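Here's the structure we're looking at; comments come further down.
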Amino acid sequence: MFGLNLVPPLVRTAMMMLLLGGLVGYVGTAFTTTLVVDSGILGGGGESSEAHRYMIALLQRESDNLARLGPSSDVVSRALQQQNVSQQPQDVKPLTVTYLGGVSSGRISVQIYAVEVQASGGQYQFLPFSLTLIGGRVQRVE
Amino acid sequence: MSSGVPVSSTRAALILATFLGGLVMGVAAYALTDKGVDANPYASLPKIAEPAAAAEVARDLLNDDPKALSNQLDMTVLQQLQTAIDPLVDIRSIKFVGAVEKNGRVLAAYVAGGRISDGTDIVRGFVLRLTGDQIVGVN
């Protein structure tokens with residue numbers, strides 16, 4: 001099959017073992033990494049990529065990404081969220097976004113950010129955002 | 001490698017070595033392809049040490065000491081703190097996760113772990129806002 005019969009058996013076996021080892025290594029690492037991060041075994045103090053993407057989507061008013069990364073909701077709730085995002089003042093400019101830290105406990109993770117924003121009128125705000133994630137989805141933003 | 005045919009030790013070692021080589025390559029491939037956290041498109045502020053006043057509030061919460069809390073915080077801030085930790089009723093742990101300062105204003109972030117009224121363990125994040133050494137608000 002696929003001309004493999006032309007390859008000497010030893011080379012064929014070596015190729016299969018290399019492929020199998022690679023697959024086991026890749027899938028095993030992905031599985032272990034996900035398990036460790038989700039369980040919070042190592043304290044889970046690192047920034048979650050989902051929380052990071054949500055914060056950026058929030059600040060850049062990307063309603064599609066907010067809906068994708070946020071809690072599962074019905075179509076009307078998502079429409080309301082889009083309307084909320086589009087009605088936010090467009091002239092608010094984020095100055096800095098600082099990840100303060102986070103903690104994971106089981107599937108629940110809390111990630112906290114500090115954000116500096118400036119409105120066109122010169123109004124300056126220094127705000128914290130606390131994101132609660134369950135199973136990699138943002139469930140609560142405060 | 002058909003069943004019943006003895007495999008020489010050299011050949012077995014070679015097979016094992018190629019499998020292990022593949023395993024290492026698989027791990028390396030995952031490390032290279034795993035994107036992790038995207039780069040932050042905005043600037044970040046440098047972290048500062050835990051403010052003493054915030055640390056005291058965290059200690060009072062952990063020690064379940066309402067008297068010390070009421071001495072340290074005014075009613076408005078206490079009400080904000082109540083909202084921030086709701087629905088926790090039994091705080092078992094408090095972890096300071098980081099703080100930043102800008103123009104004399106400090107944000108100190110904490111994560112509290114504990115139980116809610118039905119006995120479920122949860123974690124809640126809250127941020128103490130300070131001006132100078134004074135706690136002026138909680139988010």
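If you're wondering about the labels, chains in the structure tokens are A, B, ... by order shown, residues count from 1 in each chain, ligands from 1 in order shown.
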
**Item:** 6 Å contacts from chain A to chain B using only C-alpha atoms, as an MDAnalysis selection string
**Value:** chainID A and resid 14 17:18 21:22 25:26 49 96:98 100:101

For the selection you just gave me, I'd like the residues written to a file as a compact mmCIF listing (two decimals), in the first residue's frame, keeping N, CA and C atoms.
# COMPACT_ATOMS: atom_id res chain seq x y z
N ALA A 14 10.94 1.52 11.50
CA ALA A 14 11.51 2.73 12.14
C ALA A 14 10.64 3.94 11.85
N MET A 17 7.48 3.75 13.89
CA MET A 17 7.75 4.04 15.30
C MET A 17 7.96 5.54 15.53
N LEU A 18 8.65 6.16 14.56
CA LEU A 18 8.91 7.60 14.65
C LEU A 18 7.58 8.37 14.59
N GLY A 21 5.59 7.60 17.80
CA GLY A 21 6.18 8.34 18.92
C GLY A 21 5.83 9.81 18.84
N GLY A 22 5.92 10.37 17.63
CA GLY A 22 5.58 11.79 17.44
C GLY A 22 4.15 12.09 17.80
N GLY A 25 3.71 11.78 21.56
CA GLY A 25 4.35 12.94 22.20
C GLY A 25 3.51 14.19 22.07
N TYR A 26 2.98 14.44 20.87
CA TYR A 26 2.21 15.66 20.60
C TYR A 26 0.88 15.64 21.38
N SER A 49 -4.92 32.44 28.05
CA SER A 49 -5.01 33.06 26.72
C SER A 49 -6.45 33.48 26.42
N THR A 96 -3.06 51.63 28.77
CA THR A 96 -2.27 50.46 29.21
C THR A 96 -3.22 49.34 29.64
N VAL A 97 -2.76 48.12 29.47
CA VAL A 97 -3.50 46.94 29.95
C VAL A 97 -2.47 46.09 30.69
N THR A 98 -2.67 45.94 31.99
CA THR A 98 -1.71 45.19 32.80
C THR A 98 -2.38 43.98 33.42
N LEU A 100 -2.65 41.64 36.23
CA LEU A 100 -2.21 41.66 37.62
C LEU A 100 -1.90 40.25 38.14
N GLY A 101 -2.71 39.29 37.73
CA GLY A 101 -2.49 37.93 38.18
C GLY A 101 -3.78 37.15 38.21

**Item:** Interatomic distance, atom CA of A:Gln111 to atom CA of B:Leu73 (Å, one decimal)
**Value:** 25.2 Å

Can you tell me which residues surround A:Gly136 at a distance of at most 9 Å, considering only C-alpha atoms, apart from same-chain residues fewer than 3 positions away, and format the answer as a tab-separated table (two decimals) with N, CA and C atoms, in the first residue's frame?
chain	number	residue	atom	x	y	z
A	38	ASP	N	-6.18	23.28	33.55
A	38	ASP	CA	-7.58	23.26	34.00
A	38	ASP	C	-7.73	22.87	35.46
A	48	SER	N	-4.30	33.38	31.39
A	48	SER	CA	-5.01	32.48	30.48
A	48	SER	C	-5.17	33.18	29.13
A	49	SER	N	-4.92	32.44	28.05
A	49	SER	CA	-5.01	33.06	26.72
A	49	SER	C	-6.45	33.48	26.42
A	50	GLU	N	-7.44	32.74	26.97
A	50	GLU	CA	-8.84	33.10	26.74
A	50	GLU	C	-9.17	34.43	27.42
A	51	ALA	N	-8.67	34.60	28.65
A	51	ALA	CA	-8.92	35.85	29.37
A	51	ALA	C	-8.25	37.01	28.63
A	69	LEU	N	-16.07	34.10	23.14
A	69	LEU	CA	-15.28	33.80	24.34
A	69	LEU	C	-16.09	33.88	25.63
A	107	ARG	N	-11.92	23.89	37.64
A	107	ARG	CA	-12.20	24.44	36.31
A	107	ARG	C	-12.42	25.95	36.38
A	108	ILE	N	-12.49	26.49	37.62
A	108	ILE	CA	-12.75	27.92	37.77
A	108	ILE	C	-11.42	28.68	37.83
A	109	SER	N	-11.37	29.76	37.10
A	109	SER	CA	-10.16	30.58	37.11
A	109	SER	C	-10.56	32.04	37.22
A	133	LEU	N	-13.51	32.70	34.76
A	133	LEU	CA	-13.64	31.75	33.65
A	133	LEU	C	-13.99	30.37	34.20

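Straight-line separation from atom CA of A:Tyr113 to atom CA of A:Leu127: 8.3 Å.
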
**Residues of chain B in strand (DSSP E), written as a VMD selection string** = chain B and resid 88 to 102 105 to 116 121 to 131 134 to 138

Create the file for the chosen residues now, containing N, CA and C atoms and written as a CSV table (one decimal), in the first residue's frame.
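Output saved as part27.csv:
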chain,number,residue,atom,x,y,z
B,88,LEU,N,-19.4,34.6,48.9
B,88,LEU,CA,-18.6,33.9,49.8
B,88,LEU,C,-19.1,34.2,51.3
B,89,VAL,N,-19.3,33.1,52.1
B,89,VAL,CA,-19.6,33.4,53.5
B,89,VAL,C,-18.5,32.9,54.4
B,90,ASP,N,-17.7,32.0,53.9
B,90,ASP,CA,-16.6,31.5,54.7
B,90,ASP,C,-15.3,31.5,53.9
B,91,ILE,N,-14.5,32.5,54.2
B,91,ILE,CA,-13.2,32.7,53.5
B,91,ILE,C,-12.1,31.8,54.1
B,92,ARG,N,-11.6,31.0,53.2
B,92,ARG,CA,-10.6,30.0,53.7
B,92,ARG,C,-9.2,30.4,53.2
B,93,SER,N,-9.1,31.2,52.1
B,93,SER,CA,-7.8,31.6,51.6
B,93,SER,C,-7.9,32.9,50.9
B,94,ILE,N,-6.8,33.7,51.0
B,94,ILE,CA,-6.7,35.0,50.3
B,94,ILE,C,-5.4,35.0,49.7
B,95,LYS,N,-5.3,35.3,48.4
B,95,LYS,CA,-4.0,35.4,47.7
B,95,LYS,C,-3.9,36.7,47.0
B,96,PHE,N,-2.8,37.4,47.4
B,96,PHE,CA,-2.5,38.7,46.7
B,96,PHE,C,-1.9,38.3,45.3
B,97,VAL,N,-2.5,38.8,44.2
B,97,VAL,CA,-2.0,38.4,42.9
B,97,VAL,C,-1.2,39.5,42.2
B,98,GLY,N,-1.3,40.8,42.6
B,98,GLY,CA,-0.5,41.8,42.0
B,98,GLY,C,-1.1,43.2,42.3
B,99,ALA,N,-0.2,44.2,42.1
B,99,ALA,CA,-0.7,45.6,42.3
B,99,ALA,C,0.1,46.5,41.3
B,100,VAL,N,-0.6,47.5,40.9
B,100,VAL,CA,0.0,48.6,40.0
B,100,VAL,C,-0.3,49.9,40.6
B,101,GLU,N,0.5,50.9,40.2
B,101,GLU,CA,0.3,52.3,40.7
B,101,GLU,C,0.4,53.2,39.5
B,102,LYS,N,-0.5,54.2,39.5
B,102,LYS,CA,-0.4,55.3,38.5
B,102,LYS,C,-0.9,56.6,39.1
B,105,ARG,N,-2.4,56.6,42.5
B,105,ARG,CA,-3.5,55.7,42.7
B,105,ARG,C,-3.0,54.2,42.5
B,106,VAL,N,-3.4,53.4,43.4
B,106,VAL,CA,-3.0,52.0,43.4
B,106,VAL,C,-4.1,51.0,43.3
B,107,LEU,N,-4.0,50.0,42.5
B,107,LEU,CA,-4.9,48.9,42.4
B,107,LEU,C,-4.2,47.6,42.9
B,108,ALA,N,-4.8,47.1,44.0
B,108,ALA,CA,-4.2,45.8,44.5
B,108,ALA,C,-5.2,44.7,44.4
B,109,ALA,N,-4.8,43.7,43.7
B,109,ALA,CA,-5.7,42.6,43.3
B,109,ALA,C,-5.6,41.4,44.2
B,110,TYR,N,-6.7,40.8,44.6
B,110,TYR,CA,-6.7,39.6,45.5
B,110,TYR,C,-7.7,38.6,44.9
B,111,VAL,N,-7.4,37.3,45.2
B,111,VAL,CA,-8.4,36.3,45.0
B,111,VAL,C,-8.7,35.5,46.3
B,112,ALA,N,-10.0,35.5,46.6
B,112,ALA,CA,-10.4,34.9,47.9
B,112,ALA,C,-11.0,33.5,47.5
B,113,GLY,N,-10.7,32.5,48.3
B,113,GLY,CA,-11.3,31.2,48.1
B,113,GLY,C,-12.0,30.8,49.3
B,114,GLY,N,-13.1,30.1,49.2
B,114,GLY,CA,-13.9,29.7,50.4
B,114,GLY,C,-15.2,29.1,50.0
B,115,ARG,N,-16.1,29.1,50.9
B,115,ARG,CA,-17.4,28.4,50.7
B,115,ARG,C,-18.6,29.4,50.7
B,116,ILE,N,-19.6,29.0,49.9
B,116,ILE,CA,-20.8,29.8,49.8
B,116,ILE,C,-21.8,29.1,50.7
B,121,ASP,N,-17.4,25.2,47.2
B,121,ASP,CA,-16.1,25.9,47.2
B,121,ASP,C,-16.1,26.8,45.9
B,122,ILE,N,-15.8,28.1,46.1
B,122,ILE,CA,-15.6,28.9,44.9
B,122,ILE,C,-14.4,29.9,45.1
B,123,VAL,N,-14.0,30.6,44.1
B,123,VAL,CA,-13.0,31.6,44.2
B,123,VAL,C,-13.6,32.9,43.7
B,124,ARG,N,-13.3,34.1,44.3
B,124,ARG,CA,-13.7,35.4,43.9
B,124,ARG,C,-12.6,36.3,43.8
B,125,GLY,N,-12.5,37.1,42.8
B,125,GLY,CA,-11.5,38.1,42.7
B,125,GLY,C,-12.0,39.5,43.1
B,126,PHE,N,-11.2,40.2,43.8
B,126,PHE,CA,-11.6,41.6,44.1
B,126,PHE,C,-10.3,42.5,44.1
B,127,VAL,N,-10.6,43.8,43.9
B,127,VAL,CA,-9.5,44.7,43.8
B,127,VAL,C,-9.7,45.9,44.7
B,128,LEU,N,-8.7,46.1,45.6
B,128,LEU,CA,-8.7,47.3,46.5
B,128,LEU,C,-8.1,48.5,45.8
B,129,ARG,N,-8.9,49.6,45.9
B,129,ARG,CA,-8.3,50.9,45.3
B,129,ARG,C,-7.8,51.7,46.4
B,130,LEU,N,-6.6,52.2,46.3
B,130,LEU,CA,-5.9,53.0,47.3
B,130,LEU,C,-5.5,54.3,46.7
B,131,THR,N,-5.5,55.3,47.5
B,131,THR,CA,-4.9,56.6,47.2
B,131,THR,C,-4.0,56.9,48.4
B,134,GLN,N,-4.5,55.0,51.9
B,134,GLN,CA,-5.9,54.9,52.3
B,134,GLN,C,-6.7,54.1,51.3
B,135,ILE,N,-7.5,53.1,51.8
B,135,ILE,CA,-8.3,52.3,50.9
B,135,ILE,C,-9.6,53.2,50.6
B,136,VAL,N,-9.7,53.5,49.3
B,136,VAL,CA,-10.9,54.4,48.9
B,136,VAL,C,-12.0,53.6,48.2
B,137,GLY,N,-11.8,52.4,47.8
B,137,GLY,CA,-12.8,51.7,47.2
B,137,GLY,C,-12.5,50.2,46.9
B,138,VAL,N,-13.5,49.5,46.5
B,138,VAL,CA,-13.3,48.0,46.2
B,138,VAL,C,-14.1,47.7,44.9

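Nearest residue to A:Pro71, choosing from A:Tyr54, A:Gln118, A:Leu59, A:Leu20 and counting only C-alpha atoms: A:Tyr54.
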
**Request:** Give me every helix (DSSP H, G or I) residue in stretch 11-126 of chain A, going by DSSP on the backbone, as number ranges by chain.
**Result:** A: 11-39, 49-59, 63-69, 75-87

**Message:** Would you pick out the contacts of A:Asp91 at 9 Å or less, using only C-alpha atoms, so that residues sharing its chain but fewer than 3 positions from it are not included, and give the list as a list of chain:residue names?
**Reply:** A:Gln88, A:Gln118, A:Ala119, A:Ser120, A:Gly121

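With distances taken over only C-alpha atoms, B:Val57 is the one residue among B:Pro51, B:Asn63, B:Ala13, B:Val57 lying closest to B:Val77.
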
**Asked** Quick one: residues within 7 Å of A:Gly102, only C-alpha atoms counted, chain neighbours fewer than 3 positions away excluded, as a list in words?
**Response** Gly45, Gly46, Glu47, Val110, Gln111 and Ile112 of chain A; Val97 of chain B

Would you export the selected residues with N, CA and C atoms as a PDB file, in the first residue's frame, please?
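Writing the result to result.pdb gives the following:
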ATOM      1  N   GLY A  45      -1.275  30.369  38.201  1.00  0.00           N
ATOM      2  CA  GLY A  45      -1.031  31.800  38.320  1.00  0.00           C
ATOM      3  C   GLY A  45      -0.764  32.497  37.001  1.00  0.00           C
ATOM      4  N   GLY A  46      -0.585  31.724  35.937  1.00  0.00           N
ATOM      5  CA  GLY A  46      -0.268  32.333  34.655  1.00  0.00           C
ATOM      6  C   GLY A  46      -1.495  32.897  33.971  1.00  0.00           C
ATOM      7  N   GLU A  47      -1.244  33.829  33.025  1.00  0.00           N
ATOM      8  CA  GLU A  47      -2.360  34.438  32.315  1.00  0.00           C
ATOM      9  C   GLU A  47      -2.985  33.433  31.360  1.00  0.00           C
ATOM     10  N   VAL A 110      -9.825  32.790  38.038  1.00  0.00           N
ATOM     11  CA  VAL A 110     -10.066  34.228  38.175  1.00  0.00           C
ATOM     12  C   VAL A 110      -8.821  34.955  37.677  1.00  0.00           C
ATOM     13  N   GLN A 111      -9.005  35.867  36.742  1.00  0.00           N
ATOM     14  CA  GLN A 111      -7.894  36.601  36.152  1.00  0.00           C
ATOM     15  C   GLN A 111      -8.186  38.093  36.296  1.00  0.00           C
ATOM     16  N   ILE A 112      -7.213  38.837  36.795  1.00  0.00           N
ATOM     17  CA  ILE A 112      -7.469  40.258  37.082  1.00  0.00           C
ATOM     18  C   ILE A 112      -6.521  41.172  36.283  1.00  0.00           C
TER      19      ILE A 112
ATOM     20  N   VAL B  97      -2.480  38.815  44.241  1.00  0.00           N
ATOM     21  CA  VAL B  97      -1.986  38.413  42.915  1.00  0.00           C
ATOM     22  C   VAL B  97      -1.164  39.494  42.221  1.00  0.00           C
TER      23      VAL B  97
END

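For the atom pair formed by atom CA of A:Gly135 and atom CA of A:Gly70, the distance is 11.1 Å, given to one decimal.
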
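Ranking B:Ser117, B:Ser8, B:Gln72, B:Gln79 by their shortest atom-to-atom distance to B:Ala54, with only C-alpha atoms included, puts B:Gln72 first.
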